[in-house]
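Student: structure_36.pdb is reproduced below (PDB, C-alpha atoms).
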```
ATOM      1  CA  MET A   1     -37.743 -39.197  -8.834
ATOM      2  CA  ASN A   2     -40.466 -39.845  -6.291
ATOM      3  CA  VAL A   3     -43.164 -37.129  -6.290
ATOM      4  CA  ILE A   4     -42.878 -36.667  -2.514
ATOM      5  CA  VAL A   5     -39.126 -36.078  -2.703
ATOM      6  CA  GLU A   6     -39.638 -33.824  -5.732
ATOM      7  CA  SER A   7     -42.230 -31.766  -3.806
ATOM      8  CA  THR A   8     -39.912 -31.578  -0.811
ATOM      9  CA  LEU A   9     -37.035 -30.306  -2.939
ATOM     10  CA  LYS A  10     -39.298 -27.698  -4.545
ATOM     11  CA  THR A  11     -40.421 -26.519  -1.102
ATOM     12  CA  LEU A  12     -36.846 -26.398   0.231
ATOM     13  CA  GLN A  13     -35.768 -24.270  -2.768
ATOM     14  CA  LYS A  14     -37.655 -21.436  -1.090
ATOM     15  CA  SER A  15     -35.163 -21.635   1.780
ATOM     16  CA  GLN A  16     -32.333 -21.171  -0.724
ATOM     17  CA  ILE A  17     -33.983 -18.049  -2.153
ATOM     18  CA  LEU A  18     -34.621 -16.719   1.337
ATOM     19  CA  LEU A  19     -31.024 -17.314   2.498
ATOM     20  CA  ASP A  20     -29.603 -15.757  -0.669
ATOM     21  CA  ASN A  21     -31.521 -12.539   0.000
ATOM     22  CA  LEU A  22     -31.191 -12.025   3.764
ATOM     23  CA  SER A  23     -28.409 -10.534   5.833
ATOM     24  CA  ASN A  24     -27.163 -12.315   8.931
ATOM     25  CA  GLU A  25     -28.771  -9.556  10.992
ATOM     26  CA  GLN A  26     -32.171 -10.188   9.408
ATOM     27  CA  LEU A  27     -31.746 -13.960   9.817
ATOM     28  CA  CYS A  28     -31.244 -13.745  13.575
ATOM     29  CA  ASP A  29     -33.556 -10.797  14.383
ATOM     30  CA  ALA A  30     -35.863 -12.052  17.157
ATOM     31  CA  SER A  31     -37.608  -8.747  17.851
ATOM     32  CA  VAL A  32     -41.055  -9.659  16.507
ATOM     33  CA  PRO A  33     -43.692 -10.352  19.179
ATOM     34  CA  PRO A  34     -45.388 -12.333  20.464
ATOM     35  CA  TYR A  35     -42.913 -15.240  20.226
ATOM     36  CA  HIS A  36     -39.639 -13.431  19.503
ATOM     37  CA  SER A  37     -38.350 -16.224  17.284
ATOM     38  CA  SER A  38     -36.070 -15.458  14.382
ATOM     39  CA  ILE A  39     -36.193 -16.508  10.762
ATOM     40  CA  GLY A  40     -32.988 -18.421  11.482
ATOM     41  CA  THR A  41     -34.542 -20.471  14.286
ATOM     42  CA  HIS A  42     -37.327 -21.546  11.950
ATOM     43  CA  ILE A  43     -34.914 -22.424   9.126
ATOM     44  CA  ARG A  44     -32.725 -24.411  11.524
ATOM     45  CA  HIS A  45     -35.773 -26.218  12.910
ATOM     46  CA  ILE A  46     -36.964 -27.136   9.395
ATOM     47  CA  LEU A  47     -33.559 -28.486   8.409
ATOM     48  CA  ASP A  48     -33.133 -30.362  11.702
ATOM     49  CA  PHE A  49     -36.427 -32.154  11.022
ATOM     50  CA  TYR A  50     -35.138 -33.384   7.642
ATOM     51  CA  ASP A  51     -31.762 -34.265   9.129
ATOM     52  CA  CYS A  52     -33.504 -36.541  11.642
ATOM     53  CA  ILE A  53     -35.483 -38.209   8.854
ATOM     54  CA  LEU A  54     -32.301 -38.850   6.895
ATOM     55  CA  ASN A  55     -30.610 -40.454   9.904
ATOM     56  CA  VAL A  56     -32.522 -43.704  10.232
ATOM     57  CA  ASN A  57     -30.741 -46.032  12.665
ATOM     58  CA  SER A  58     -29.924 -49.729  12.335
ATOM     59  CA  GLU A  59     -33.241 -50.623  14.005
ATOM     60  CA  ASN A  60     -35.153 -48.746  11.258
ATOM     61  CA  GLN A  61     -36.030 -45.935  13.676
ATOM     62  CA  ILE A  62     -36.022 -42.188  13.147
ATOM     63  CA  ASP A  63     -35.839 -40.045  16.274
ATOM     64  CA  LEU A  64     -37.420 -36.648  15.641
ATOM     65  CA  THR A  65     -36.351 -35.498  19.111
ATOM     66  CA  ALA A  66     -32.636 -35.932  18.268
ATOM     67  CA  ARG A  67     -32.287 -32.587  16.508
ATOM     68  CA  SER A  68     -28.837 -31.001  16.362
ATOM     69  CA  ARG A  69     -30.003 -27.440  17.164
ATOM     70  CA  ASN A  70     -26.823 -25.892  15.733
ATOM     71  CA  LYS A  71     -27.016 -22.221  16.790
ATOM     72  CA  ALA A  72     -24.648 -21.167  13.977
ATOM     73  CA  VAL A  73     -27.345 -22.124  11.446
ATOM     74  CA  GLU A  74     -29.702 -19.665  13.149
ATOM     75  CA  ALA A  75     -27.337 -16.707  12.862
ATOM     76  CA  ASP A  76     -25.240 -17.175   9.718
ATOM     77  CA  CYS A  77     -26.739 -17.363   6.221
ATOM     78  CA  CYS A  78     -23.650 -19.136   4.872
ATOM     79  CA  CYS A  79     -23.829 -21.813   7.567
ATOM     80  CA  ALA A  80     -27.569 -22.210   6.977
ATOM     81  CA  ARG A  81     -26.991 -22.543   3.204
ATOM     82  CA  ASP A  82     -24.375 -25.248   3.849
ATOM     83  CA  TYR A  83     -26.834 -27.158   6.042
ATOM     84  CA  LEU A  84     -29.597 -26.722   3.447
ATOM     85  CA  ASN A  85     -27.319 -27.986   0.669
ATOM     86  CA  PHE A  86     -26.336 -30.979   2.810
ATOM     87  CA  ILE A  87     -30.026 -31.873   3.267
ATOM     88  CA  ILE A  88     -30.794 -31.349  -0.438
ATOM     89  CA  ASP A  89     -27.822 -33.503  -1.484
ATOM     90  CA  LYS A  90     -28.982 -36.308   0.811
ATOM     91  CA  LEU A  91     -32.550 -36.063  -0.489
ATOM     92  CA  ASN A  92     -31.265 -36.211  -4.069
ATOM     93  CA  THR A  93     -29.348 -39.428  -3.381
ATOM     94  CA  ILE A  94     -31.617 -41.220  -0.925
ATOM     95  CA  VAL A  95     -32.876 -44.601  -2.048
ATOM     96  CA  PHE A  96     -36.032 -45.908  -0.398
ATOM     97  CA  ASN A  97     -39.532 -47.054  -1.184
ATOM     98  CA  ILE A  98     -42.154 -44.549   0.010
ATOM     99  CA  ALA A  99     -44.356 -47.436   1.144
ATOM    100  CA  ASP A 100     -41.639 -48.930   3.382
ATOM    101  CA  ASN A 101     -42.340 -48.809   7.096
ATOM    102  CA  VAL A 102     -40.231 -46.962   9.620
ATOM    103  CA  ILE A 103     -40.643 -46.359  13.347
ATOM    104  CA  VAL A 104     -40.665 -42.670  14.285
ATOM    105  CA  ILE A 105     -39.744 -41.622  17.810
ATOM    106  CA  ASP A 106     -41.386 -38.365  18.817
ATOM    107  CA  ASP A 107     -42.576 -36.531  21.904
ATOM    108  CA  LEU A 108     -46.184 -35.479  21.554
ATOM    109  CA  GLY A 109     -46.256 -33.895  24.997
ATOM    110  CA  LEU A 110     -46.311 -36.932  27.277
ATOM    111  CA  GLY A 111     -42.818 -38.246  26.625
ATOM    112  CA  LYS A 112     -41.220 -40.116  23.756
ATOM    113  CA  ILE A 113     -43.302 -42.671  21.927
ATOM    114  CA  ALA A 114     -42.699 -44.949  18.922
ATOM    115  CA  ILE A 115     -45.094 -44.415  16.025
ATOM    116  CA  PRO A 116     -45.311 -46.582  12.887
ATOM    117  CA  TYR A 117     -45.071 -44.548   9.661
ATOM    118  CA  THR A 118     -44.172 -45.028   6.051
ATOM    119  CA  TYR A 119     -41.325 -43.020   4.548
ATOM    120  CA  GLY A 120     -43.834 -41.353   2.252
ATOM    121  CA  ALA A 121     -46.055 -40.267   5.138
ATOM    122  CA  LEU A 122     -43.094 -38.929   7.099
ATOM    123  CA  LEU A 123     -41.721 -36.932   4.165
ATOM    124  CA  ALA A 124     -45.201 -35.576   3.392
ATOM    125  CA  GLN A 125     -45.478 -34.481   7.038
ATOM    126  CA  ALA A 126     -42.051 -32.835   6.824
ATOM    127  CA  ASN A 127     -43.092 -30.936   3.697
ATOM    128  CA  SER A 128     -46.278 -29.650   5.363
ATOM    129  CA  HIS A 129     -44.265 -28.816   8.482
ATOM    130  CA  THR A 130     -41.872 -26.767   6.337
ATOM    131  CA  ILE A 131     -44.718 -24.817   4.727
ATOM    132  CA  HIS A 132     -46.162 -24.159   8.187
ATOM    133  CA  HIS A 133     -42.857 -22.640   9.316
ATOM    134  CA  TYR A 134     -42.643 -20.621   6.104
ATOM    135  CA  ALA A 135     -46.004 -19.085   7.077
ATOM    136  CA  ILE A 136     -44.516 -18.018  10.411
ATOM    137  CA  ILE A 137     -41.440 -16.666   8.618
ATOM    138  CA  ASN A 138     -43.761 -14.728   6.305
ATOM    139  CA  TYR A 139     -45.321 -13.102   9.385
ATOM    140  CA  ILE A 140     -41.833 -12.153  10.606
ATOM    141  CA  PHE A 141     -41.009 -10.758   7.148
ATOM    142  CA  ASP A 142     -44.095  -8.579   7.232
ATOM    143  CA  SER A 143     -43.330  -7.302  10.724
ATOM    144  CA  LEU A 144     -39.715  -6.496   9.799
ATOM    145  CA  GLY A 145     -40.675  -4.884   6.482
ATOM    146  CA  ILE A 146     -38.840  -7.530   4.444
ATOM    147  CA  VAL A 147     -40.342  -8.183   1.026
ATOM    148  CA  LEU A 148     -39.883 -11.591  -0.577
ATOM    149  CA  ASN A 149     -41.205 -11.662  -4.120
ATOM    150  CA  ASP A 150     -42.824 -15.075  -3.874
ATOM    151  CA  SER A 151     -46.612 -15.052  -4.037
ATOM    152  CA  ASP A 152     -47.016 -18.527  -2.506
ATOM    153  CA  PHE A 153     -44.375 -18.441   0.225
ATOM    154  CA  GLY A 154     -45.905 -19.815   3.408
ATOM    155  CA  TYR A 155     -48.779 -21.757   1.921
ATOM    156  CA  ASN A 156     -49.352 -24.567  -0.499
ATOM    157  CA  PRO A 157     -51.209 -23.109  -3.482
ATOM    158  CA  THR A 158     -53.871 -25.190  -5.122
ATOM    159  CA  THR A 159     -52.958 -26.388  -8.549
ATOM    160  CA  PRO A 160     -55.174 -27.902 -11.220
ATOM    161  CA  LYS A 161     -52.768 -30.825 -11.608
ATOM    162  CA  GLN A 162     -53.636 -34.044  -9.729
ATOM    163  CA  VAL A 163     -50.663 -36.262  -8.910
ATOM    164  CA  THR A 164     -51.114 -39.905  -8.028
ATOM    165  CA  LEU A 165     -48.507 -41.752  -5.984
ATOM    166  CA  LYS A 166     -47.298 -45.060  -7.324
TER     167      LYS A 166
END
```
Starting from the file, give its structure as structure tokens.
Tutor:
Amino acid sequence: MNVIVESTLKTLQKSQILLDNLSNEQLCDASVPPYHSSIGTHIRHILDFYDCILNVNSENQIDLTARSRNKAVEADCCCARDYLNFIIDKLNTIVFNIADNVIVIDDLGLGKIAIPYTYGALLAQANSHTIHHYAIINYIFDSLGIVLNDSDFGYNPTTPKQVTLK
């Protein structure tokens, strides 16, 4: 398995642990200032990002602005787990070369633009994006008094192992 996909799956496993240990009420609690976003909105956003990546069109384009934004994922742990498992299943079966080019459509603040990427670069960005949202979720956990026994949730710990992409 490709190291980028393997890293992505390892990172997404933290969502599984999170969803297995939260109530629906905790998932959708948006009481924490200053942004009043819920854990569920962050989980849904993470999964939507991967869903876009896995939906390359016939013109070899991936539109990161075409997120589904399914509100049920934000409020129901079971629905969120189903979405997570769908993404994990697709990642486990995807066949691509990480060096292959793809055109990514995104809005960087001035409207949609087309950006050349490789699949590897896009998946690496998605993994970092996920960890970034885990950091925000960790802040929400702390504010709500929720304890997740995971010492590296919300950041990418340094490891002595160096991995080289092939």
Student: With the PyMOL selection byres ((chain A and resi 128-138) around 8) as the selection, what would be picked from this file? Answer as a compact mmCIF listing (two decimals) with C-alpha atoms, in the coordinates of the input, please.
Tutor:
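Result file is expr12.txt:
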```
# COMPACT_ATOMS: atom_id res chain seq x y z
CA THR A 11 -40.42 -26.52 -1.10
CA LEU A 12 -36.85 -26.40 0.23
CA SER A 38 -36.07 -15.46 14.38
CA ILE A 39 -36.19 -16.51 10.76
CA HIS A 42 -37.33 -21.55 11.95
CA ILE A 43 -34.91 -22.42 9.13
CA ILE A 46 -36.96 -27.14 9.40
CA ALA A 124 -45.20 -35.58 3.39
CA GLN A 125 -45.48 -34.48 7.04
CA ALA A 126 -42.05 -32.84 6.82
CA ASN A 127 -43.09 -30.94 3.70
CA TYR A 139 -45.32 -13.10 9.38
CA ILE A 140 -41.83 -12.15 10.61
CA PHE A 141 -41.01 -10.76 7.15
CA ASP A 142 -44.10 -8.58 7.23
CA PHE A 153 -44.38 -18.44 0.22
CA GLY A 154 -45.90 -19.82 3.41
CA TYR A 155 -48.78 -21.76 1.92
CA ASN A 156 -49.35 -24.57 -0.50
```
Student: Name the residues that the PyMOL selection byres ((chain A and resi 22) around 12) pulls out of this structure, and write them as a list of chain:residue names.
Tutor: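 Checking the PyMOL selection byres ((chain A and resi 22) around 12) against this file, the residues are A:Ser15, A:Gln16, A:Ile17, A:Leu18, A:Leu19, A:Asp20, A:Asn21, A:Ser23, A:Asn24, A:Glu25, A:Gln26, A:Leu27, A:Cys28, A:Asp29, A:Ile39, A:Gly40, A:Ala75, A:Asp76, A:Cys77, A:Cys78, A:Ala80, A:Arg81, A:Phe141, A:Leu144, A:Ile146, A:Val147, A:Leu148.
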Student: Run the PyMOL selection byres ((chain A and resi 48-54) around 9) on the file and write out the hits as a list in words.
Tutor: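 In the shown coordinates, the PyMOL selection byres ((chain A and resi 48-54) around 9) covers Ile43, Arg44, His45, Ile46, Leu47, Asn55, Val56, Ile62, Asp63, Leu64, Thr65, Ala66, Arg67, Ser68, Arg69, Asn70, Phe86, Ile87, Lys90, Leu91, Ile94, Val104, Tyr119, Leu122, Leu123, Ala126, His129 and Thr130 of chain A.
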Student: Excluding Thr118 of chain A and its own-chain neighbours fewer than 6 positions away, which residues fall within 9 Å of it when counting all atoms listed in the file? Please give them as a ChimeraX atom specification.
Tutor: /A:97-103
Student: Taking all atoms of segment 78-87 of chain A that the file lists and extending 5 Å past them on each side, where is the centre of the axis-aligned box and how long are its edges? Answer in Å to one decimal, as AutoDock Vina command-line options.
Tutor:
```
--center_x -26.8 --center_y -25.5 --center_z 4.1 --size_x 16.4 --size_y 22.7 --size_z 16.9
```
Student: Compare A:Val95, A:Val32, A:Leu84, A:Val3 by their minimum atom-to-atom distance to Ser143 of chain A, counting only C-alpha atoms, and give me the closest one.
Tutor: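 Smallest separation from Ser143 of chain A among the options: A:Val32.
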Student: My structure is short of atoms at segment 18-36 of chain A; please model N, CA, C and O atoms there, returning them as a PDB file, in the frame of the given file.
Tutor:
```pdb
ATOM      1  N   LEU A  18     -34.576 -17.521   0.115  1.00  0.00           N
ATOM      2  CA  LEU A  18     -34.621 -16.719   1.337  1.00  0.00           C
ATOM      3  C   LEU A  18     -33.202 -16.427   1.836  1.00  0.00           C
ATOM      4  O   LEU A  18     -32.844 -15.275   2.093  1.00  0.00           O
ATOM      5  N   LEU A  19     -32.387 -17.471   1.955  1.00  0.00           N
ATOM      6  CA  LEU A  19     -31.024 -17.314   2.498  1.00  0.00           C
ATOM      7  C   LEU A  19     -30.129 -16.493   1.573  1.00  0.00           C
ATOM      8  O   LEU A  19     -29.216 -15.811   2.043  1.00  0.00           O
ATOM      9  N   ASP A  20     -30.391 -16.542   0.284  1.00  0.00           N
ATOM     10  CA  ASP A  20     -29.603 -15.757  -0.669  1.00  0.00           C
ATOM     11  C   ASP A  20     -29.939 -14.272  -0.622  1.00  0.00           C
ATOM     12  O   ASP A  20     -29.192 -13.452  -1.154  1.00  0.00           O
ATOM     13  N   ASN A  21     -31.064 -13.926   0.011  1.00  0.00           N
ATOM     14  CA  ASN A  21     -31.521 -12.539   0.000  1.00  0.00           C
ATOM     15  C   ASN A  21     -31.604 -11.885   1.372  1.00  0.00           C
ATOM     16  O   ASN A  21     -32.068 -10.757   1.485  1.00  0.00           O
ATOM     17  N   LEU A  22     -31.172 -12.591   2.411  1.00  0.00           N
ATOM     18  CA  LEU A  22     -31.191 -12.025   3.764  1.00  0.00           C
ATOM     19  C   LEU A  22     -29.777 -11.736   4.249  1.00  0.00           C
ATOM     20  O   LEU A  22     -28.827 -12.417   3.862  1.00  0.00           O
ATOM     21  N   SER A  23     -29.673 -10.768   5.123  1.00  0.00           N
ATOM     22  CA  SER A  23     -28.409 -10.534   5.833  1.00  0.00           C
ATOM     23  C   SER A  23     -28.408 -11.403   7.086  1.00  0.00           C
ATOM     24  O   SER A  23     -29.460 -11.882   7.529  1.00  0.00           O
ATOM     25  N   ASN A  24     -27.243 -11.575   7.673  1.00  0.00           N
ATOM     26  CA  ASN A  24     -27.163 -12.315   8.931  1.00  0.00           C
ATOM     27  C   ASN A  24     -27.981 -11.624  10.019  1.00  0.00           C
ATOM     28  O   ASN A  24     -28.594 -12.287  10.857  1.00  0.00           O
ATOM     29  N   GLU A  25     -28.004 -10.305   9.997  1.00  0.00           N
ATOM     30  CA  GLU A  25     -28.771  -9.556  10.992  1.00  0.00           C
ATOM     31  C   GLU A  25     -30.266  -9.844  10.856  1.00  0.00           C
ATOM     32  O   GLU A  25     -30.967 -10.018  11.857  1.00  0.00           O
ATOM     33  N   GLN A  26     -30.761  -9.879   9.627  1.00  0.00           N
ATOM     34  CA  GLN A  26     -32.171 -10.188   9.408  1.00  0.00           C
ATOM     35  C   GLN A  26     -32.478 -11.634   9.803  1.00  0.00           C
ATOM     36  O   GLN A  26     -33.524 -11.922  10.372  1.00  0.00           O
ATOM     37  N   LEU A  27     -31.554 -12.544   9.508  1.00  0.00           N
ATOM     38  CA  LEU A  27     -31.746 -13.960   9.817  1.00  0.00           C
ATOM     39  C   LEU A  27     -31.943 -14.185  11.312  1.00  0.00           C
ATOM     40  O   LEU A  27     -32.775 -14.992  11.716  1.00  0.00           O
ATOM     41  N   CYS A  28     -31.189 -13.475  12.131  1.00  0.00           N
ATOM     42  CA  CYS A  28     -31.244 -13.745  13.575  1.00  0.00           C
ATOM     43  C   CYS A  28     -32.045 -12.711  14.370  1.00  0.00           C
ATOM     44  O   CYS A  28     -32.075 -12.774  15.597  1.00  0.00           O
ATOM     45  N   ASP A  29     -32.737 -11.802  13.702  1.00  0.00           N
ATOM     46  CA  ASP A  29     -33.556 -10.797  14.383  1.00  0.00           C
ATOM     47  C   ASP A  29     -34.752 -11.479  15.065  1.00  0.00           C
ATOM     48  O   ASP A  29     -35.618 -12.048  14.409  1.00  0.00           O
ATOM     49  N   ALA A  30     -34.789 -11.418  16.375  1.00  0.00           N
ATOM     50  CA  ALA A  30     -35.863 -12.052  17.157  1.00  0.00           C
ATOM     51  C   ALA A  30     -36.727 -10.998  17.852  1.00  0.00           C
ATOM     52  O   ALA A  30     -37.260 -11.226  18.939  1.00  0.00           O
ATOM     53  N   SER A  31     -36.900  -9.857  17.213  1.00  0.00           N
ATOM     54  CA  SER A  31     -37.608  -8.747  17.851  1.00  0.00           C
ATOM     55  C   SER A  31     -39.123  -8.782  17.669  1.00  0.00           C
ATOM     56  O   SER A  31     -39.831  -8.019  18.309  1.00  0.00           O
ATOM     57  N   VAL A  32     -39.629  -9.680  16.836  1.00  0.00           N
ATOM     58  CA  VAL A  32     -41.055  -9.659  16.507  1.00  0.00           C
ATOM     59  C   VAL A  32     -41.881 -10.407  17.560  1.00  0.00           C
ATOM     60  O   VAL A  32     -41.673 -11.601  17.781  1.00  0.00           O
ATOM     61  N   PRO A  33     -42.811  -9.684  18.222  1.00  0.00           N
ATOM     62  CA  PRO A  33     -43.692 -10.352  19.179  1.00  0.00           C
ATOM     63  C   PRO A  33     -44.771 -11.147  18.434  1.00  0.00           C
ATOM     64  O   PRO A  33     -45.000 -10.903  17.260  1.00  0.00           O
ATOM     65  N   PRO A  34     -45.441 -12.065  19.040  1.00  0.00           N
ATOM     66  CA  PRO A  34     -45.388 -12.333  20.464  1.00  0.00           C
ATOM     67  C   PRO A  34     -44.354 -13.392  20.850  1.00  0.00           C
ATOM     68  O   PRO A  34     -44.077 -13.573  22.042  1.00  0.00           O
ATOM     69  N   TYR A  35     -43.777 -14.102  19.876  1.00  0.00           N
ATOM     70  CA  TYR A  35     -42.913 -15.240  20.226  1.00  0.00           C
ATOM     71  C   TYR A  35     -41.426 -14.924  20.220  1.00  0.00           C
ATOM     72  O   TYR A  35     -40.648 -15.668  20.783  1.00  0.00           O
ATOM     73  N   HIS A  36     -41.041 -13.849  19.559  1.00  0.00           N
ATOM     74  CA  HIS A  36     -39.639 -13.431  19.503  1.00  0.00           C
ATOM     75  C   HIS A  36     -38.726 -14.547  18.986  1.00  0.00           C
ATOM     76  O   HIS A  36     -37.644 -14.776  19.525  1.00  0.00           O
TER      77      HIS A  36
END
```
